[in-house]
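Read through the structure below, which is laid out as structure tokens, and then see the notes.
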Amino acid sequence: MSEAENLTNLPENNASRDADALYGVSRWGEGLITVLDNGHIGLLHPSRPEAVPTDLMSVIDNLEQRGISAPVLLRVADFIRWRIDQINDAFNSAITELEYHGSYKGVFPIKVNQQAQVIDRIVAYGERHSFGFEVGSKAELLIAMAHNQGSESALICNGVKDEEFIQLALMSLQLGFNTFLVLESPRELDLVLAVAKRMKLRPQLGIRIKLTHEVSGNWAASSGDRSTFGMTIAQVMDVVDALRADGFLDCLKLQHCHLGSQVPNIIEIRMAAQEACRFYLELRKEGAPLEFLDLGGGLGVDYTGEHRATENSTNYTLKEYCLNIVETVKYAMDEADAPHPVIITESGRACVAQSSMLLFNVLEATQFDSTDPVVGAEDDHTLLKSMLAVEDYLTPERVNEAWNDLVYYRNEMRALLKSGQVSLRETAKAERIHLYMMSRIKTMLADSDMENEEMGKAMEQTADILHGNFSLFQSLPDVWAIDQIHPIAPLHRLNEKPRRRAILSDITCDSDGKIDKFVLGDGVSNTLPVHDLRAAEDYYLGVFFVGAYQETLGDLHNLFGDTNVVTIELRDDGSFELMHEQDGDTISEVLSYVEYDPRLMVNNFKKTVESAVRAGKLSPRERLEMITAFKDSINGYTYFER
Ligand SMILES: Cc1ncc(COP(=O)(O)O)c(C=O)c1O
């Protein structure tokens, strides 16, 4: 589906349309996520526009019935297939359009998502494009070697290599994999040549260069002189000389560079490609028979849908990215009368980010207002009387004045409490009036739809805190580490106007476990519009586009483990097929990750309970109940369970 076509997926009814505009779903949803007319979030089939959208709330219901409860990481296989097709098709179209004579070979960098289910999908969907792998460690190389992708797909070995890594890579070459051993540093050269000679093999070598051009964005440190990986110009020349001296220069087939992830600006991509071409041409002049130009990762995802060169967005489309690269390489090669190389890119984020979403329920809300009116009394302190009088002039026109007065009076009461001039009870009344008036002001602002920047900021400071059943550190580590913004929206009730604003807090006991940046239709906001929670009804939120980097970077803070994970395939009738299900970590599993022996723990607990029985504090029946509860817990989910 083209990016223009995606905009036709707007909901039909007005309320859902309003929600779509408010949360910016069509803007960031890439034609994959939509607001349905029933006010639920739906998943659209990316390449079958006639398919009925899949209602995410019915997915949650269905999973609940199967015993798979929230929080759950939902992976949509169709979205992986769509992105692999899109990336390959966009490069091939650019190649045809610009009459480029070389070809494109994409590889998936395993570090971006190593989960077996994802890798299996990539192998299956990538086959027709000869889509290969990039690996950065022995473990990742073993994953690649365990999948027979055929000799047409490239296997790029980056990362710091020991002898074993090199030997494995050369074994894969021997087996018919199209393996490139990329020299990351001059130090690696001697080792690679020693192992190759011992194995009597001519390796396919690559050389990782350090581009001098620095890019912007969160991963700027991956580019420029101070980047950790790659060789400087002087080192590159030393390696070329050493290869020539040892008779291995003819093995140098590939040049590699990596700009960093999520490059926001297309001009930076073009400039980096230009510089890479200059290196490539110079190396060929030196006698290296280079044929492959690997430009690494960098293709960004427009998480905010703003289409701007900011850290969480990009000012280019996939089509522009491919055209810019192919055109730059073609121009540089034609000028030097050199053959067009095979272009390789290592786009992992752009391949899988869209495919996963974290779905979770809200456990409770902390609110900073109250709908309980406060009744005045004759003997109220004058400040309390002034606070109550604010209600008389609380109108949309005087709302700022009313707010300022309230805050002033409340603070005066607090000061009087400190100096012993009013009682705790009187100050509590001031706090209650303040909370009640806050709720009046919030309702007034929500109803009037008026633009009021000052009040908007004031309301942000009093936004609700929704406590969600998830761990930021386990499921969304980049939100904590680098202020990554993922689109977030309620999964239902979108045909009701959300009357409250909130930030999100996770289930860990860490004040950093919060989300306070949200993508909305009109840009990035510090609060998320949400609905009032209803008793006995779960409220669900979804965090979208979490398929890149989040799963393995997550940690066990407070011992919250992996969530349940399901992989689904969308069916044309709006239902889905459960392709794979992975239970989340049990408490016993996370305990063993941090070196506990759960059986020993049960035994120790039994001893404690037994001594309580011996001391007459517990009956034998109570002993059984306690031990059963302990065992149930140790085998249960680490997240909040009903
Ligand atoms: C060498 C290399 N290639 C590819 C990637 C993936 O890049 P992206 O996140 O842009 O997909 C990375 C990640 O930083 C990398 O280090």
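In the structure tokens, chains take the letters A, B, ... in the order shown, each chain's residues start at 1, and ligands count up from 1 in the order shown.
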
key: Selection: 9 Å around Arg623 in chain A, only C-alpha atoms, excl. self and same-chain fewer than 6 positions, as a PyMOL selection string   = chain A and resi 606+609-610+612-613

key: Close residues, range 162-170 of chain A itself excluded, 12 Å, only C-alpha atoms, min 5 positions apart in chain, as a PyMOL selection string   = chain A and resi 134-146+155-157+175-184+187-205

May I ask you to write as a PDB file with N, CA, C and O atoms, in the first residue's frame all residues lying at most 6 Å from ligand 1, with only C-alpha atoms and all ligand atoms counted?
ATOM      1  N   PRO A 109      19.910  -7.029  10.451  1.00  0.00           N
ATOM      2  CA  PRO A 109      20.855  -7.104  11.564  1.00  0.00           C
ATOM      3  C   PRO A 109      20.200  -7.794  12.749  1.00  0.00           C
ATOM      4  O   PRO A 109      19.250  -7.265  13.336  1.00  0.00           O
ATOM      5  N   HIS A 258      28.548   2.309   8.863  1.00  0.00           N
ATOM      6  CA  HIS A 258      27.246   2.405   9.539  1.00  0.00           C
ATOM      7  C   HIS A 258      27.149   3.772  10.189  1.00  0.00           C
ATOM      8  O   HIS A 258      28.024   4.173  10.954  1.00  0.00           O
ATOM      9  N   GLY A 260      24.676   4.919  12.126  1.00  0.00           N
ATOM     10  CA  GLY A 260      23.891   5.013  13.365  1.00  0.00           C
ATOM     11  C   GLY A 260      22.449   4.711  13.010  1.00  0.00           C
ATOM     12  O   GLY A 260      22.073   4.740  11.839  1.00  0.00           O
ATOM     13  N   SER A 261      21.682   4.424  14.043  1.00  0.00           N
ATOM     14  CA  SER A 261      20.286   4.047  13.828  1.00  0.00           C
ATOM     15  C   SER A 261      19.423   5.302  13.716  1.00  0.00           C
ATOM     16  O   SER A 261      19.808   6.365  14.194  1.00  0.00           O
ATOM     17  N   GLN A 262      18.255   5.160  13.067  1.00  0.00           N
ATOM     18  CA  GLN A 262      17.244   6.235  13.078  1.00  0.00           C
ATOM     19  C   GLN A 262      17.853   7.584  12.672  1.00  0.00           C
ATOM     20  O   GLN A 262      17.839   8.545  13.438  1.00  0.00           O
ATOM     21  N   GLY A 296      25.185  -0.014   5.774  1.00  0.00           N
ATOM     22  CA  GLY A 296      24.741  -0.208   7.159  1.00  0.00           C
ATOM     23  C   GLY A 296      23.275   0.125   7.379  1.00  0.00           C
ATOM     24  O   GLY A 296      22.456   0.091   6.460  1.00  0.00           O
ATOM     25  N   GLY A 297      22.959   0.466   8.639  1.00  0.00           N
ATOM     26  CA  GLY A 297      21.560   0.792   8.989  1.00  0.00           C
ATOM     27  C   GLY A 297      21.323   2.277   8.870  1.00  0.00           C
ATOM     28  O   GLY A 297      22.045   2.980   8.165  1.00  0.00           O
ATOM     29  N   GLY A 298      20.317   2.750   9.555  1.00  0.00           N
ATOM     30  CA  GLY A 298      20.049   4.193   9.562  1.00  0.00           C
ATOM     31  C   GLY A 298      18.657   4.559   9.091  1.00  0.00           C
ATOM     32  O   GLY A 298      18.130   5.609   9.444  1.00  0.00           O
ATOM     33  N   LEU A 299      18.050   3.684   8.275  1.00  0.00           N
ATOM     34  CA  LEU A 299      16.704   3.995   7.766  1.00  0.00           C
ATOM     35  C   LEU A 299      15.746   4.122   8.958  1.00  0.00           C
ATOM     36  O   LEU A 299      15.559   3.180   9.728  1.00  0.00           O
ATOM     37  N   GLU A 346      21.567  -2.494   5.892  1.00  0.00           N
ATOM     38  CA  GLU A 346      21.312  -3.324   7.079  1.00  0.00           C
ATOM     39  C   GLU A 346      20.201  -2.687   7.895  1.00  0.00           C
ATOM     40  O   GLU A 346      20.401  -2.266   9.033  1.00  0.00           O
ATOM     41  N   SER A 347      19.025  -2.556   7.310  1.00  0.00           N
ATOM     42  CA  SER A 347      17.912  -1.884   7.990  1.00  0.00           C
ATOM     43  C   SER A 347      17.161  -2.868   8.866  1.00  0.00           C
ATOM     44  O   SER A 347      16.408  -3.703   8.372  1.00  0.00           O
ATOM     45  N   GLY A 348      17.359  -2.741  10.162  1.00  0.00           N
ATOM     46  CA  GLY A 348      16.659  -3.621  11.081  1.00  0.00           C
ATOM     47  C   GLY A 348      15.443  -2.941  11.674  1.00  0.00           C
ATOM     48  O   GLY A 348      14.327  -3.465  11.651  1.00  0.00           O
ATOM     49  N   ARG A 349      15.658  -1.733  12.185  1.00  0.00           N
ATOM     50  CA  ARG A 349      14.564  -0.986  12.807  1.00  0.00           C
ATOM     51  C   ARG A 349      13.390  -0.837  11.833  1.00  0.00           C
ATOM     52  O   ARG A 349      12.243  -1.129  12.172  1.00  0.00           O
ATOM     53  N   ALA A 350      13.716  -0.416  10.615  1.00  0.00           N
ATOM     54  CA  ALA A 350      12.652  -0.150   9.644  1.00  0.00           C
ATOM     55  C   ALA A 350      11.969  -1.437   9.201  1.00  0.00           C
ATOM     56  O   ALA A 350      10.887  -1.414   8.622  1.00  0.00           O
TER      57      ALA A 350
END

ask   = Which one of A:Arg284, A:Lys418, A:His340, A:Arg270 sits closest to Cys322 in chain A if you count only C-alpha atoms?
value = A:Arg270

request  = Using CA of Tyr125 in chain A and CA of Gln255 in chain A as the two end points, give the distance in Å to one decimal.
outcome  =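 Separation of CA of Tyr125 in chain A and CA of Gln255 in chain A: 26.7 Å.
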
ask   = Which residue out of A:Leu556, A:Tyr409, A:Leu417, A:Leu494 has the minimum interatomic distance to Leu472 in chain A when only C-alpha atoms are used?
value =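 Once distances to Leu472 in chain A are computed over only C-alpha atoms, the minimum belongs to A:Leu556.
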
request  = Identify which of the residues A:Leu406, A:Arg81, A:Gln484, A:His381 lies closest to Gln421 in chain A, counting only C-alpha atoms when measuring atom-to-atom distances.
outcome  =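 Ranked by minimum distance to Gln421 in chain A, first place goes to A:His381.
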
ask   = Within 10 Å of range 286-290 of chain A, counting only C-alpha atoms, which residues qualify if same-chain residues fewer than 4 places away don't, as a list in words?
value =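 That gives Leu205, Gly206, Ile207, Met237, Val240, Asp241, Leu243, Arg244, Phe248, Leu249, Asp250, Cys251, Leu252, Lys253, Leu254, Gln255, Tyr280, Leu281, Glu282, Pro339, Pro341 and Val342 of chain A.
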
ask   = Any idea what's packed within 8 Å of Ala70 in chain A, counting only C-alpha atoms, ignoring anything in its chain fewer than 5 positions away? Could you give it as a ChimeraX atom specification?
value = /A:60,64,359-361,469,564

task = Just list the residues in range 102-230 of chain A DSSP gives helix (DSSP H, G or I) on the backbone, as a ChimeraX atom specification.
result = /A:110-112,116-129,138-145,163-174,186-198,220-222

key: Point-to-point distance from CA of Phe605 in chain A to CA of Tyr639 in chain A, Å rounded to tenths   =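 Atom-to-atom, CA of Phe605 in chain A and CA of Tyr639 in chain A are spaced 22.2 Å apart.
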
task = Measure the distance from CA of Pro373 in chain A to CA of Thr443 in chain A in Å and round it to one decimal.
result =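 Value for the CA of Pro373 in chain A-CA of Thr443 in chain A distance: 14.2 Å.
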
ask   = A:Ile84, A:Ile33, A:Val590, A:Ile488: which is nearest Leu318 in chain A, counting only C-alpha atoms?
value = A:Ile84

Do you know which residues are at most 12 Å from Ser423 in chain A counting only C-alpha atoms, after dropping those on the same chain fewer than 5 positions away, and could you put them as a short mmCIF file (atom, residue, chain, number, x, y, z; two decimals) with N, CA and C atoms, in the first residue's frame?
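After the write, part-v4.cif holds the following:
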data_model
loop_
_atom_site.label_atom_id
_atom_site.label_comp_id
_atom_site.auth_asym_id
_atom_site.auth_seq_id
_atom_site.Cartn_x
_atom_site.Cartn_y
_atom_site.Cartn_z
N ASP A 380 -15.36 29.47 58.94
CA ASP A 380 -14.20 29.15 58.08
C ASP A 380 -13.19 30.30 58.12
N HIS A 381 -11.93 29.94 58.00
CA HIS A 381 -10.87 30.95 57.88
C HIS A 381 -11.16 31.81 56.64
N MET A 413 -2.50 29.01 52.89
CA MET A 413 -2.96 28.12 53.97
C MET A 413 -1.83 27.19 54.41
N ARG A 414 -1.08 26.66 53.44
CA ARG A 414 0.03 25.76 53.77
C ARG A 414 1.08 26.51 54.61
N ALA A 415 1.32 27.78 54.22
CA ALA A 415 2.32 28.57 54.96
C ALA A 415 1.83 28.82 56.39
N LEU A 416 0.54 29.08 56.53
CA LEU A 416 -0.01 29.34 57.87
C LEU A 416 0.07 28.07 58.74
N LEU A 417 -0.10 26.93 58.10
CA LEU A 417 0.00 25.67 58.85
C LEU A 417 1.41 25.53 59.41
N LYS A 418 2.40 25.83 58.56
CA LYS A 418 3.80 25.69 59.00
C LYS A 418 4.10 26.60 60.19
N ALA A 428 -6.62 20.87 55.45
CA ALA A 428 -7.20 19.77 54.66
C ALA A 428 -8.40 20.29 53.87
N LYS A 429 -9.16 21.18 54.49
CA LYS A 429 -10.33 21.73 53.80
C LYS A 429 -9.87 22.56 52.58
N ALA A 430 -8.79 23.30 52.77
CA ALA A 430 -8.24 24.08 51.64
C ALA A 430 -7.83 23.15 50.51
#

Which of range 167-264 of chain A DSSP labels strand (DSSP E), written as an NGL selection string = :A and (178-183 or 205-208 or 252-256)

key: Shell around Arg17 in chain A at 12 Å using only C-alpha atoms, local window under 2 positions removed, as JSON, numbers by chain   = {"A": [8, 9, 10, 11, 12, 13, 14, 15, 19, 20, 21, 22, 23, 24, 25, 26, 34, 35, 36, 37, 38, 39, 40, 41, 494, 495, 496, 497, 521]}

request  = Counting only C-alpha atoms, figure out which residue out of A:Ser505, A:Leu363, A:Met387, A:Asp483 gets nearest to Leu533 in chain A.
outcome  =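 Nearest to Leu533 in chain A: A:Leu363.
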